[in-house]
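Colleague: Sharing a structure, written as structure tokens. Questions coming.
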Amino acid sequence: MDNGKNEQAGPIGVFDSGFGGLTILRDIRERLPQYDYLYLGDNARAPYGPRSFDIVYRFTLDAVKYLFSRGCRLVILACNTASAKALRSIQQNDLPGIDPSRRVLGVIRPTAEIIGQLSRTGHIGVLATGGTVASRSYNLEIEKLHPGFSVATQACPMFVPLVENREIESPAADYFAAKYISSLLEKDRRIDTIILACTHYPLLYDVIRRNTPPEINVVCQGGIVADSLADYMERHPEIADRCTTGGKCTYLTTENPEAFADLARVFLDEDIEAKHVELN
Ligand code: DGL
């Protein structure tokens with residue numbers, strides 16, 4: 001017998017290696033404020049960017065299982081590196097055995113889908129972590145969805161530490177933004193759209209924008225992911241009905257919760273409380 005929504009429903013899980021997914025969560029909550037959210041940052045094991053495929057996959061699977069154990073029916077991998085290195089394996093190999101009625105979604109596909117509407121030249125630049133670049137996930141997704149498009153990528157290993165050390169408006173941020181953008185544009189002079197394909201980079205938007213030629217679009221993905229999720233919820237009422245509503249957001253971290261709450265302010269512009277959890 002169906003015991004109704006409460007038995008079957010839970011918050012939407014939002015996972016990131018640490019803080020960065022808060023930029024995605026902020027846009028999702030703005031677009032879909034009615035749902036409850038459970039955010040998990042694996043700060044104790046971050047950053048994921050430089051880690052190998054196998055490690056990112058195992059850490060991400062731990063997190064997904066944990067969020068499922070807390071009642072989430074739908075989990076968003078807000079982390080580009082986790083989406084690039086773990087999502088496909090989890091969807092194809094793990095989910096059928098764990099619970100085929102649950103869903104895990106990432107941030108790369110929705111971004112790749114919309115990019116066709118944003119570029120005139122079909123030449124796309126991607127700024128991301130070394131891990132996302134090495135996975136070639138953006139190249140594969142964009143070139144599959146938009147035949148004839150070409151994608152050039154640039155790893156930006158200094159961007160995450162700059163944000164986490166609150167050096168967003170520093171001369172160092174300008175120096176590295178100029179360096180990464182010119183290196184990207186040297187790979188393809190016809191790029192007209194640059195995707196900020198890492199959760200932290202929207203916080204560096206102003207510095208990236210002023211170091212990019214004005215005719216080139218600089219695209220943040222939070223709004224894109226939020227619109228895509230809203231569309232998904234409309235098309236999948238069987239999942240939407242299993243996501244609790246009430247607008248509550250709970251924050252979990254595998255590291256120190258006070259330190260998490262402190263830096264989270266940079267990402268969210270609001271005060272939060274966080275709780276510590278162990279993933280295994
Ligand atoms: N969240 C990661 C991403 O979007 C950046 C931080 C990390 O390397 O863990 O790729």
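Residues are named by chain letter and number: chains run A, B, ... in the order of the structure tokens, numbers start at 1 in each chain, and ligands are numbered from 1 in the order shown.
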Mind checking DSSP for segment 100-233 of chain A and telling me the strand (DSSP E) residues as a PDB file with N, CA, C and O atoms, in the first residue's frame?
Modeller:
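New file out.pdb:
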ATOM      1  N   ARG A 103      17.134   9.414  -8.589  1.00  0.00           N
ATOM      2  CA  ARG A 103      17.813  10.070  -9.712  1.00  0.00           C
ATOM      3  C   ARG A 103      19.033  10.846  -9.235  1.00  0.00           C
ATOM      4  O   ARG A 103      19.014  11.446  -8.162  1.00  0.00           O
ATOM      5  N   VAL A 104      20.083  10.815 -10.076  1.00  0.00           N
ATOM      6  CA  VAL A 104      21.270  11.645  -9.848  1.00  0.00           C
ATOM      7  C   VAL A 104      21.503  12.433 -11.145  1.00  0.00           C
ATOM      8  O   VAL A 104      21.585  11.843 -12.219  1.00  0.00           O
ATOM      9  N   LEU A 105      21.562  13.751 -11.035  1.00  0.00           N
ATOM     10  CA  LEU A 105      21.746  14.610 -12.204  1.00  0.00           C
ATOM     11  C   LEU A 105      22.991  15.471 -12.021  1.00  0.00           C
ATOM     12  O   LEU A 105      23.393  15.741 -10.884  1.00  0.00           O
ATOM     13  N   HIS A 123      32.214  28.218 -31.718  1.00  0.00           N
ATOM     14  CA  HIS A 123      33.529  27.994 -31.095  1.00  0.00           C
ATOM     15  C   HIS A 123      33.404  28.350 -29.612  1.00  0.00           C
ATOM     16  O   HIS A 123      33.178  29.524 -29.267  1.00  0.00           O
ATOM     17  N   ILE A 124      33.543  27.341 -28.770  1.00  0.00           N
ATOM     18  CA  ILE A 124      33.263  27.490 -27.341  1.00  0.00           C
ATOM     19  C   ILE A 124      34.562  27.342 -26.554  1.00  0.00           C
ATOM     20  O   ILE A 124      35.369  26.454 -26.850  1.00  0.00           O
ATOM     21  N   GLY A 125      34.718  28.180 -25.529  1.00  0.00           N
ATOM     22  CA  GLY A 125      35.838  28.030 -24.603  1.00  0.00           C
ATOM     23  C   GLY A 125      35.314  27.564 -23.254  1.00  0.00           C
ATOM     24  O   GLY A 125      34.223  27.957 -22.836  1.00  0.00           O
ATOM     25  N   VAL A 126      36.083  26.714 -22.601  1.00  0.00           N
ATOM     26  CA  VAL A 126      35.673  26.199 -21.293  1.00  0.00           C
ATOM     27  C   VAL A 126      36.799  26.433 -20.299  1.00  0.00           C
ATOM     28  O   VAL A 126      37.938  26.004 -20.529  1.00  0.00           O
ATOM     29  N   LEU A 127      36.501  27.121 -19.201  1.00  0.00           N
ATOM     30  CA  LEU A 127      37.451  27.272 -18.087  1.00  0.00           C
ATOM     31  C   LEU A 127      37.001  26.313 -16.991  1.00  0.00           C
ATOM     32  O   LEU A 127      35.829  26.335 -16.596  1.00  0.00           O
ATOM     33  N   ALA A 128      37.918  25.479 -16.485  1.00  0.00           N
ATOM     34  CA  ALA A 128      37.503  24.455 -15.514  1.00  0.00           C
ATOM     35  C   ALA A 128      38.703  23.980 -14.711  1.00  0.00           C
ATOM     36  O   ALA A 128      39.834  24.428 -14.933  1.00  0.00           O
ATOM     37  N   SER A 150      33.104  23.444 -31.993  1.00  0.00           N
ATOM     38  CA  SER A 150      34.393  22.993 -31.467  1.00  0.00           C
ATOM     39  C   SER A 150      34.616  23.617 -30.089  1.00  0.00           C
ATOM     40  O   SER A 150      34.150  24.734 -29.821  1.00  0.00           O
ATOM     41  N   VAL A 151      35.314  22.872 -29.248  1.00  0.00           N
ATOM     42  CA  VAL A 151      35.477  23.261 -27.846  1.00  0.00           C
ATOM     43  C   VAL A 151      36.957  23.292 -27.498  1.00  0.00           C
ATOM     44  O   VAL A 151      37.675  22.318 -27.728  1.00  0.00           O
ATOM     45  N   ALA A 152      37.408  24.434 -26.971  1.00  0.00           N
ATOM     46  CA  ALA A 152      38.781  24.531 -26.444  1.00  0.00           C
ATOM     47  C   ALA A 152      38.677  24.696 -24.932  1.00  0.00           C
ATOM     48  O   ALA A 152      37.770  25.373 -24.431  1.00  0.00           O
ATOM     49  N   THR A 153      39.586  24.054 -24.218  1.00  0.00           N
ATOM     50  CA  THR A 153      39.486  24.069 -22.751  1.00  0.00           C
ATOM     51  C   THR A 153      40.758  24.636 -22.132  1.00  0.00           C
ATOM     52  O   THR A 153      41.839  24.576 -22.720  1.00  0.00           O
ATOM     53  N   GLN A 154      40.607  25.160 -20.930  1.00  0.00           N
ATOM     54  CA  GLN A 154      41.749  25.703 -20.203  1.00  0.00           C
ATOM     55  C   GLN A 154      41.596  25.387 -18.717  1.00  0.00           C
ATOM     56  O   GLN A 154      40.600  25.778 -18.102  1.00  0.00           O
ATOM     57  N   ALA A 155      42.560  24.673 -18.160  1.00  0.00           N
ATOM     58  CA  ALA A 155      42.560  24.425 -16.713  1.00  0.00           C
ATOM     59  C   ALA A 155      43.005  25.690 -15.985  1.00  0.00           C
ATOM     60  O   ALA A 155      43.922  26.376 -16.430  1.00  0.00           O
ATOM     61  N   THR A 193      32.068  32.346 -26.961  1.00  0.00           N
ATOM     62  CA  THR A 193      31.345  32.062 -25.721  1.00  0.00           C
ATOM     63  C   THR A 193      32.262  31.271 -24.793  1.00  0.00           C
ATOM     64  O   THR A 193      32.828  30.253 -25.214  1.00  0.00           O
ATOM     65  N   ILE A 194      32.415  31.763 -23.572  1.00  0.00           N
ATOM     66  CA  ILE A 194      33.264  31.064 -22.593  1.00  0.00           C
ATOM     67  C   ILE A 194      32.384  30.605 -21.435  1.00  0.00           C
ATOM     68  O   ILE A 194      31.650  31.408 -20.831  1.00  0.00           O
ATOM     69  N   ILE A 195      32.451  29.311 -21.134  1.00  0.00           N
ATOM     70  CA  ILE A 195      31.673  28.757 -20.015  1.00  0.00           C
ATOM     71  C   ILE A 195      32.556  28.726 -18.768  1.00  0.00           C
ATOM     72  O   ILE A 195      33.678  28.204 -18.811  1.00  0.00           O
ATOM     73  N   LEU A 196      32.043  29.256 -17.664  1.00  0.00           N
ATOM     74  CA  LEU A 196      32.729  29.127 -16.375  1.00  0.00           C
ATOM     75  C   LEU A 196      32.300  27.776 -15.798  1.00  0.00           C
ATOM     76  O   LEU A 196      31.269  27.673 -15.119  1.00  0.00           O
ATOM     77  N   ASN A 217      30.937  36.291 -24.972  1.00  0.00           N
ATOM     78  CA  ASN A 217      30.026  36.023 -23.836  1.00  0.00           C
ATOM     79  C   ASN A 217      30.774  35.258 -22.762  1.00  0.00           C
ATOM     80  O   ASN A 217      31.495  34.312 -23.084  1.00  0.00           O
ATOM     81  N   VAL A 218      30.534  35.613 -21.512  1.00  0.00           N
ATOM     82  CA  VAL A 218      31.052  34.818 -20.392  1.00  0.00           C
ATOM     83  C   VAL A 218      29.825  34.264 -19.657  1.00  0.00           C
ATOM     84  O   VAL A 218      28.982  35.031 -19.179  1.00  0.00           O
ATOM     85  N   VAL A 219      29.733  32.932 -19.603  1.00  0.00           N
ATOM     86  CA  VAL A 219      28.493  32.298 -19.145  1.00  0.00           C
ATOM     87  C   VAL A 219      28.690  31.589 -17.808  1.00  0.00           C
ATOM     88  O   VAL A 219      29.550  30.708 -17.683  1.00  0.00           O
ATOM     89  N   CYS A 220      27.870  31.953 -16.809  1.00  0.00           N
ATOM     90  CA  CYS A 220      27.835  31.208 -15.534  1.00  0.00           C
ATOM     91  C   CYS A 220      26.766  30.132 -15.649  1.00  0.00           C
ATOM     92  O   CYS A 220      25.746  30.335 -16.303  1.00  0.00           O
TER      93      CYS A 220
END
Colleague: Need to verify the contact set: segment 258-261 of chain A, 12 Å, only C-alpha atoms, exclusion of same-chain residues closer than 5 positions in sequence. Can you return it as a list in words?
Modeller: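 My reading of the contact set: Gly18, Phe19, Gly20, Leu22, Tyr39, Leu40, Gly41, Asp42, Asn43, Ala44, Glu164, Thr250, Tyr251, Leu252, Thr253, Val266, Phe267, Leu268, Asp269, Glu270, Asp271, Ile272, Glu273, Ala274, Lys275 and His276 of chain A.
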Colleague: I need the residues from that last selection saved to file as a short mmCIF file (atom, residue, chain, number, x, y, z; two decimals), in the first residue's frame (with N, CA, C and O atoms), if you can.
Modeller:
data_model
loop_
_atom_site.label_atom_id
_atom_site.label_comp_id
_atom_site.auth_asym_id
_atom_site.auth_seq_id
_atom_site.Cartn_x
_atom_site.Cartn_y
_atom_site.Cartn_z
N GLY A 18 32.98 20.70 -1.90
CA GLY A 18 33.15 21.59 -0.75
C GLY A 18 32.17 22.74 -0.78
O GLY A 18 30.96 22.53 -0.67
N PHE A 19 32.71 23.94 -1.00
CA PHE A 19 31.89 25.16 -0.95
C PHE A 19 31.22 25.50 -2.28
O PHE A 19 30.17 26.13 -2.31
N GLY A 20 31.90 25.15 -3.38
CA GLY A 20 31.53 25.71 -4.68
C GLY A 20 30.09 25.47 -5.07
O GLY A 20 29.44 26.35 -5.65
N LEU A 22 27.61 25.73 -3.54
CA LEU A 22 26.70 26.73 -2.96
C LEU A 22 26.29 27.75 -4.02
O LEU A 22 25.19 28.30 -3.96
N TYR A 39 22.22 20.13 1.52
CA TYR A 39 23.51 20.39 0.85
C TYR A 39 24.61 19.62 1.57
O TYR A 39 24.69 19.65 2.81
N LEU A 40 25.43 18.94 0.82
CA LEU A 40 26.57 18.23 1.41
C LEU A 40 27.86 18.65 0.73
O LEU A 40 28.01 18.50 -0.50
N GLY A 41 28.80 19.18 1.51
CA GLY A 41 30.12 19.53 1.00
C GLY A 41 31.15 18.58 1.60
O GLY A 41 31.27 18.48 2.81
N ASP A 42 31.90 17.92 0.71
CA ASP A 42 32.91 16.96 1.20
C ASP A 42 34.23 17.70 1.43
O ASP A 42 35.28 17.33 0.88
N ASN A 43 34.17 18.75 2.26
CA ASN A 43 35.34 19.62 2.45
C ASN A 43 36.57 18.87 2.96
O ASN A 43 37.70 19.27 2.67
N ALA A 44 36.36 17.80 3.72
CA ALA A 44 37.50 17.08 4.29
C ALA A 44 38.36 16.45 3.19
O ALA A 44 39.55 16.21 3.39
N GLU A 164 38.92 30.64 -2.25
CA GLU A 164 38.84 30.14 -0.87
C GLU A 164 39.75 30.93 0.09
O GLU A 164 39.56 30.86 1.30
N THR A 250 19.26 22.58 4.64
CA THR A 250 20.15 22.08 5.68
C THR A 250 21.54 21.91 5.07
O THR A 250 21.66 21.43 3.94
N TYR A 251 22.57 22.30 5.84
CA TYR A 251 23.94 22.27 5.31
C TYR A 251 24.77 21.26 6.09
O TYR A 251 24.83 21.34 7.33
N LEU A 252 25.43 20.37 5.37
CA LEU A 252 26.28 19.36 5.98
C LEU A 252 27.68 19.46 5.39
O LEU A 252 27.83 19.73 4.20
N THR A 253 28.67 19.21 6.24
CA THR A 253 30.06 19.20 5.74
C THR A 253 30.82 18.08 6.41
O THR A 253 30.53 17.73 7.57
N VAL A 266 30.80 33.84 1.88
CA VAL A 266 31.36 34.39 0.63
C VAL A 266 30.56 33.89 -0.58
O VAL A 266 30.36 34.60 -1.55
N PHE A 267 30.07 32.65 -0.49
CA PHE A 267 29.37 32.04 -1.62
C PHE A 267 27.88 32.39 -1.64
O PHE A 267 27.26 32.44 -2.68
N LEU A 268 27.29 32.55 -0.45
CA LEU A 268 25.83 32.67 -0.37
C LEU A 268 25.35 34.06 -0.01
O LEU A 268 24.17 34.36 -0.19
N ASP A 269 26.24 34.85 0.54
CA ASP A 269 25.83 36.18 1.00
C ASP A 269 24.78 36.10 2.10
O ASP A 269 23.90 36.96 2.19
N GLU A 270 24.79 35.05 2.88
CA GLU A 270 23.87 34.95 4.03
C GLU A 270 24.51 34.09 5.11
O GLU A 270 25.44 33.33 4.83
N ASP A 271 24.04 34.23 6.33
CA ASP A 271 24.57 33.43 7.43
C ASP A 271 23.84 32.09 7.48
O ASP A 271 22.62 32.04 7.36
N ILE A 272 24.63 31.04 7.67
CA ILE A 272 24.00 29.71 7.76
C ILE A 272 24.61 28.97 8.95
O ILE A 272 25.64 29.37 9.49
N GLU A 273 23.96 27.85 9.30
CA GLU A 273 24.56 26.92 10.28
C GLU A 273 24.81 25.62 9.56
O GLU A 273 24.01 25.20 8.73
N ALA A 274 25.92 24.97 9.89
CA ALA A 274 26.24 23.70 9.25
C ALA A 274 26.44 22.61 10.31
O ALA A 274 26.75 22.93 11.46
N LYS A 275 26.25 21.35 9.89
CA LYS A 275 26.50 20.24 10.80
C LYS A 275 27.59 19.35 10.20
O LYS A 275 27.69 19.21 8.99
N HIS A 276 28.35 18.73 11.09
CA HIS A 276 29.40 17.82 10.63
C HIS A 276 28.81 16.42 10.39
O HIS A 276 28.00 15.95 11.18
#
Colleague: Which chains and residue numbers are within 7 Å of ligand 1, counting only C-alpha atoms and all ligand atoms, if I want them as a list in words?
Modeller: Asp16, Ser17, Gly18, Gly20, Gly21, Ala46, Pro47, Tyr48, Gly49, Pro50, Cys79, Asn80, Thr81, Ala82, Ala128, Thr129, Thr132, Val160, Ala197, Cys198, Thr199 and His200 of chain A
Colleague: Restricted to N, CA, C and O atoms, what would the selected residues look like written as a PDB file, in the first residue's frame?
Modeller:
ATOM      1  N   ASP A  16      28.550  18.739  -3.437  1.00  0.00           N
ATOM      2  CA  ASP A  16      29.757  19.338  -4.026  1.00  0.00           C
ATOM      3  C   ASP A  16      30.969  18.865  -3.227  1.00  0.00           C
ATOM      4  O   ASP A  16      30.843  18.442  -2.072  1.00  0.00           O
ATOM      5  N   SER A  17      32.133  18.979  -3.843  1.00  0.00           N
ATOM      6  CA  SER A  17      33.367  18.633  -3.132  1.00  0.00           C
ATOM      7  C   SER A  17      33.558  19.513  -1.902  1.00  0.00           C
ATOM      8  O   SER A  17      34.261  19.130  -0.968  1.00  0.00           O
ATOM      9  N   GLY A  18      32.975  20.696  -1.904  1.00  0.00           N
ATOM     10  CA  GLY A  18      33.153  21.586  -0.754  1.00  0.00           C
ATOM     11  C   GLY A  18      32.168  22.736  -0.781  1.00  0.00           C
ATOM     12  O   GLY A  18      30.961  22.534  -0.669  1.00  0.00           O
ATOM     13  N   GLY A  20      31.899  25.152  -3.379  1.00  0.00           N
ATOM     14  CA  GLY A  20      31.534  25.707  -4.680  1.00  0.00           C
ATOM     15  C   GLY A  20      30.090  25.475  -5.065  1.00  0.00           C
ATOM     16  O   GLY A  20      29.440  26.351  -5.652  1.00  0.00           O
ATOM     17  N   GLY A  21      29.557  24.307  -4.730  1.00  0.00           N
ATOM     18  CA  GLY A  21      28.178  23.983  -5.108  1.00  0.00           C
ATOM     19  C   GLY A  21      27.169  24.945  -4.517  1.00  0.00           C
ATOM     20  O   GLY A  21      26.014  24.999  -4.958  1.00  0.00           O
ATOM     21  N   ALA A  46      38.213  17.674  -0.158  1.00  0.00           N
ATOM     22  CA  ALA A  46      38.368  18.630  -1.266  1.00  0.00           C
ATOM     23  C   ALA A  46      39.822  19.125  -1.291  1.00  0.00           C
ATOM     24  O   ALA A  46      40.498  19.083  -0.250  1.00  0.00           O
ATOM     25  N   PRO A  47      40.310  19.626  -2.432  1.00  0.00           N
ATOM     26  CA  PRO A  47      39.590  19.735  -3.701  1.00  0.00           C
ATOM     27  C   PRO A  47      39.582  18.421  -4.494  1.00  0.00           C
ATOM     28  O   PRO A  47      40.476  17.600  -4.354  1.00  0.00           O
ATOM     29  N   TYR A  48      38.531  18.270  -5.308  1.00  0.00           N
ATOM     30  CA  TYR A  48      38.436  17.106  -6.184  1.00  0.00           C
ATOM     31  C   TYR A  48      39.165  17.345  -7.506  1.00  0.00           C
ATOM     32  O   TYR A  48      39.531  16.400  -8.196  1.00  0.00           O
ATOM     33  N   GLY A  49      39.327  18.634  -7.879  1.00  0.00           N
ATOM     34  CA  GLY A  49      39.870  18.984  -9.200  1.00  0.00           C
ATOM     35  C   GLY A  49      41.116  18.223  -9.610  1.00  0.00           C
ATOM     36  O   GLY A  49      41.195  17.706 -10.723  1.00  0.00           O
ATOM     37  N   PRO A  50      42.132  18.118  -8.731  1.00  0.00           N
ATOM     38  CA  PRO A  50      43.356  17.423  -9.154  1.00  0.00           C
ATOM     39  C   PRO A  50      43.300  15.907  -8.962  1.00  0.00           C
ATOM     40  O   PRO A  50      44.272  15.220  -9.279  1.00  0.00           O
ATOM     41  N   CYS A  79      28.923  19.784  -8.491  1.00  0.00           N
ATOM     42  CA  CYS A  79      30.360  19.885  -8.741  1.00  0.00           C
ATOM     43  C   CYS A  79      30.663  19.450 -10.180  1.00  0.00           C
ATOM     44  O   CYS A  79      30.290  18.343 -10.591  1.00  0.00           O
ATOM     45  N   ASN A  80      31.339  20.312 -10.933  1.00  0.00           N
ATOM     46  CA  ASN A  80      31.694  19.946 -12.310  1.00  0.00           C
ATOM     47  C   ASN A  80      32.622  18.740 -12.351  1.00  0.00           C
ATOM     48  O   ASN A  80      32.492  17.863 -13.200  1.00  0.00           O
ATOM     49  N   THR A  81      33.592  18.706 -11.436  1.00  0.00           N
ATOM     50  CA  THR A  81      34.557  17.608 -11.461  1.00  0.00           C
ATOM     51  C   THR A  81      33.849  16.280 -11.178  1.00  0.00           C
ATOM     52  O   THR A  81      34.102  15.271 -11.852  1.00  0.00           O
ATOM     53  N   ALA A  82      32.942  16.267 -10.202  1.00  0.00           N
ATOM     54  CA  ALA A  82      32.183  15.042  -9.904  1.00  0.00           C
ATOM     55  C   ALA A  82      31.251  14.684 -11.063  1.00  0.00           C
ATOM     56  O   ALA A  82      31.107  13.513 -11.423  1.00  0.00           O
ATOM     57  N   ALA A 128      37.918  25.479 -16.485  1.00  0.00           N
ATOM     58  CA  ALA A 128      37.503  24.455 -15.514  1.00  0.00           C
ATOM     59  C   ALA A 128      38.703  23.980 -14.711  1.00  0.00           C
ATOM     60  O   ALA A 128      39.834  24.428 -14.933  1.00  0.00           O
ATOM     61  N   THR A 129      38.452  23.047 -13.783  1.00  0.00           N
ATOM     62  CA  THR A 129      39.568  22.429 -13.054  1.00  0.00           C
ATOM     63  C   THR A 129      40.342  21.501 -14.007  1.00  0.00           C
ATOM     64  O   THR A 129      39.815  21.094 -15.058  1.00  0.00           O
ATOM     65  N   THR A 132      38.267  18.326 -14.715  1.00  0.00           N
ATOM     66  CA  THR A 132      37.171  18.459 -15.697  1.00  0.00           C
ATOM     67  C   THR A 132      37.750  18.551 -17.102  1.00  0.00           C
ATOM     68  O   THR A 132      37.256  17.926 -18.044  1.00  0.00           O
ATOM     69  N   VAL A 160      40.385  28.241  -7.734  1.00  0.00           N
ATOM     70  CA  VAL A 160      39.721  27.764  -6.502  1.00  0.00           C
ATOM     71  C   VAL A 160      40.457  28.285  -5.254  1.00  0.00           C
ATOM     72  O   VAL A 160      39.828  28.873  -4.364  1.00  0.00           O
ATOM     73  N   ALA A 197      33.080  26.747 -16.117  1.00  0.00           N
ATOM     74  CA  ALA A 197      32.658  25.372 -15.851  1.00  0.00           C
ATOM     75  C   ALA A 197      33.238  24.831 -14.544  1.00  0.00           C
ATOM     76  O   ALA A 197      33.707  23.694 -14.476  1.00  0.00           O
ATOM     77  N   CYS A 198      33.206  25.650 -13.541  1.00  0.00           N
ATOM     78  CA  CYS A 198      33.609  25.244 -12.198  1.00  0.00           C
ATOM     79  C   CYS A 198      32.787  26.086 -11.231  1.00  0.00           C
ATOM     80  O   CYS A 198      32.573  27.284 -11.470  1.00  0.00           O
ATOM     81  N   THR A 199      32.354  25.422 -10.169  1.00  0.00           N
ATOM     82  CA  THR A 199      31.439  26.070  -9.221  1.00  0.00           C
ATOM     83  C   THR A 199      31.968  27.378  -8.638  1.00  0.00           C
ATOM     84  O   THR A 199      31.193  28.258  -8.300  1.00  0.00           O
ATOM     85  N   HIS A 200      33.289  27.487  -8.483  1.00  0.00           N
ATOM     86  CA  HIS A 200      33.852  28.687  -7.844  1.00  0.00           C
ATOM     87  C   HIS A 200      33.929  29.894  -8.776  1.00  0.00           C
ATOM     88  O   HIS A 200      34.021  31.023  -8.317  1.00  0.00           O
TER      89      HIS A 200
END
Colleague: Restricting the calculation to only C-alpha atoms, which member of A:Ile98, A:Ala63, A:Leu32, A:Ala178 is positioned closest to Thr254 of chain A?
Modeller: A:Ala63
Colleague: So which bits of segment 128-273 of chain A end up helix (DSSP H, G or I) when you DSSP the backbone, as a PyMOL selection string?
Modeller: chain A and resi 130-135+137-145+159-164+171-187+201-210+222-235+237-240+257-268
Colleague: Nearest to Ala240 of chain A among A:Arg88, A:Asp36, A:Val14, A:Ile24, with distances taken over only C-alpha atoms: which residue is it?
Modeller: A:Asp36
Colleague: Mind pulling up the distance from atom CA of Glu141 of chain A to atom CA of Ser119 of chain A?
Modeller: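 Taking atom CA of Ser119 of chain A and atom CA of Glu141 of chain A, their separation equals 15.3 Å.
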Colleague: Pick out the residues sitting within 8 Å of segment 68-72 of chain A, and hand them over as a PyMOL selection string; count only C-alpha atoms, and ignore anything fewer than 3 positions along from it in its own chain.
Modeller: chain A and resi 9-13+38+64-65+75+243
Colleague: Mind dumping the selected residues with all heavy atoms as a PDB file, in the first residue's frame?
Modeller:
ATOM      1  N   ALA A   9       9.032  10.670   0.330  1.00  0.00           N
ATOM      2  CA  ALA A   9       9.625  11.935  -0.118  1.00  0.00           C
ATOM      3  C   ALA A   9      10.786  12.376   0.752  1.00  0.00           C
ATOM      4  O   ALA A   9      10.897  11.999   1.916  1.00  0.00           O
ATOM      5  CB  ALA A   9       8.556  13.031  -0.150  1.00  0.00           C
ATOM      6  N   GLY A  10      11.656  13.195   0.181  1.00  0.00           N
ATOM      7  CA  GLY A  10      12.780  13.749   0.937  1.00  0.00           C
ATOM      8  C   GLY A  10      13.240  15.039   0.289  1.00  0.00           C
ATOM      9  O   GLY A  10      12.745  15.423  -0.777  1.00  0.00           O
ATOM     10  N   PRO A  11      14.216  15.707   0.915  1.00  0.00           N
ATOM     11  CA  PRO A  11      14.735  16.944   0.321  1.00  0.00           C
ATOM     12  C   PRO A  11      15.522  16.637  -0.952  1.00  0.00           C
ATOM     13  O   PRO A  11      15.952  15.501  -1.169  1.00  0.00           O
ATOM     14  CB  PRO A  11      15.669  17.487   1.411  1.00  0.00           C
ATOM     15  CG  PRO A  11      16.064  16.284   2.204  1.00  0.00           C
ATOM     16  CD  PRO A  11      14.899  15.336   2.172  1.00  0.00           C
ATOM     17  N   ILE A  12      15.739  17.656  -1.755  1.00  0.00           N
ATOM     18  CA  ILE A  12      16.621  17.509  -2.924  1.00  0.00           C
ATOM     19  C   ILE A  12      18.059  17.581  -2.402  1.00  0.00           C
ATOM     20  O   ILE A  12      18.434  18.531  -1.711  1.00  0.00           O
ATOM     21  CB  ILE A  12      16.370  18.636  -3.943  1.00  0.00           C
ATOM     22  CG1 ILE A  12      14.939  18.547  -4.489  1.00  0.00           C
ATOM     23  CG2 ILE A  12      17.395  18.566  -5.082  1.00  0.00           C
ATOM     24  CD1 ILE A  12      14.555  19.706  -5.413  1.00  0.00           C
ATOM     25  N   GLY A  13      18.842  16.571  -2.708  1.00  0.00           N
ATOM     26  CA  GLY A  13      20.243  16.561  -2.287  1.00  0.00           C
ATOM     27  C   GLY A  13      21.085  17.362  -3.270  1.00  0.00           C
ATOM     28  O   GLY A  13      20.914  17.252  -4.485  1.00  0.00           O
ATOM     29  N   LEU A  38      19.044  19.539   0.915  1.00  0.00           N
ATOM     30  CA  LEU A  38      20.072  19.047   1.834  1.00  0.00           C
ATOM     31  C   LEU A  38      21.404  19.166   1.094  1.00  0.00           C
ATOM     32  O   LEU A  38      21.657  18.439   0.126  1.00  0.00           O
ATOM     33  CB  LEU A  38      19.776  17.581   2.187  1.00  0.00           C
ATOM     34  CG  LEU A  38      20.696  16.920   3.210  1.00  0.00           C
ATOM     35  CD1 LEU A  38      20.679  17.678   4.538  1.00  0.00           C
ATOM     36  CD2 LEU A  38      20.251  15.471   3.452  1.00  0.00           C
ATOM     37  N   VAL A  64      26.639  10.294  -2.595  1.00  0.00           N
ATOM     38  CA  VAL A  64      25.291  10.011  -3.122  1.00  0.00           C
ATOM     39  C   VAL A  64      24.577   9.003  -2.207  1.00  0.00           C
ATOM     40  O   VAL A  64      23.412   9.200  -1.827  1.00  0.00           O
ATOM     41  CB  VAL A  64      25.384   9.482  -4.575  1.00  0.00           C
ATOM     42  CG1 VAL A  64      24.069   8.873  -5.026  1.00  0.00           C
ATOM     43  CG2 VAL A  64      25.806  10.613  -5.515  1.00  0.00           C
ATOM     44  N   LYS A  65      25.298   7.962  -1.803  1.00  0.00           N
ATOM     45  CA  LYS A  65      24.678   6.955  -0.919  1.00  0.00           C
ATOM     46  C   LYS A  65      24.265   7.599   0.404  1.00  0.00           C
ATOM     47  O   LYS A  65      23.215   7.291   0.958  1.00  0.00           O
ATOM     48  CB  LYS A  65      25.660   5.810  -0.651  1.00  0.00           C
ATOM     49  CG  LYS A  65      25.805   4.859  -1.828  1.00  0.00           C
ATOM     50  CD  LYS A  65      26.754   3.738  -1.434  1.00  0.00           C
ATOM     51  CE  LYS A  65      26.867   2.699  -2.521  1.00  0.00           C
ATOM     52  NZ  LYS A  65      28.034   1.828  -2.321  1.00  0.00           N
ATOM     53  N   VAL A  75      19.305  13.676  -6.369  1.00  0.00           N
ATOM     54  CA  VAL A  75      20.568  14.307  -5.959  1.00  0.00           C
ATOM     55  C   VAL A  75      21.163  15.031  -7.170  1.00  0.00           C
ATOM     56  O   VAL A  75      21.260  14.464  -8.261  1.00  0.00           O
ATOM     57  CB  VAL A  75      21.570  13.262  -5.422  1.00  0.00           C
ATOM     58  CG1 VAL A  75      22.944  13.887  -5.200  1.00  0.00           C
ATOM     59  CG2 VAL A  75      21.061  12.636  -4.123  1.00  0.00           C
ATOM     60  N   CYS A 243       9.797  14.982  -3.707  1.00  0.00           N
ATOM     61  CA  CYS A 243      10.687  15.996  -3.134  1.00  0.00           C
ATOM     62  C   CYS A 243       9.844  16.849  -2.194  1.00  0.00           C
ATOM     63  O   CYS A 243       8.830  17.415  -2.617  1.00  0.00           O
ATOM     64  CB  CYS A 243      11.307  16.851  -4.236  1.00  0.00           C
ATOM     65  SG  CYS A 243      12.381  15.889  -5.323  1.00  0.00           S
TER      66      CYS A 243
END
Colleague: What does the distance between atom CA of Asn139 of chain A and atom CA of Ile28 of chain A come to in Å, to one decimal place?
Modeller: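 It comes out at 25.0 Å.
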Colleague: Considering only C-alpha atoms, state which residue in the set A:Asp206, A:Gly223, A:Tyr57, A:Arg73 is at the smallest distance from Ile114 of chain A.
Modeller: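 Under the stated criterion, the closest residue is A:Gly223.
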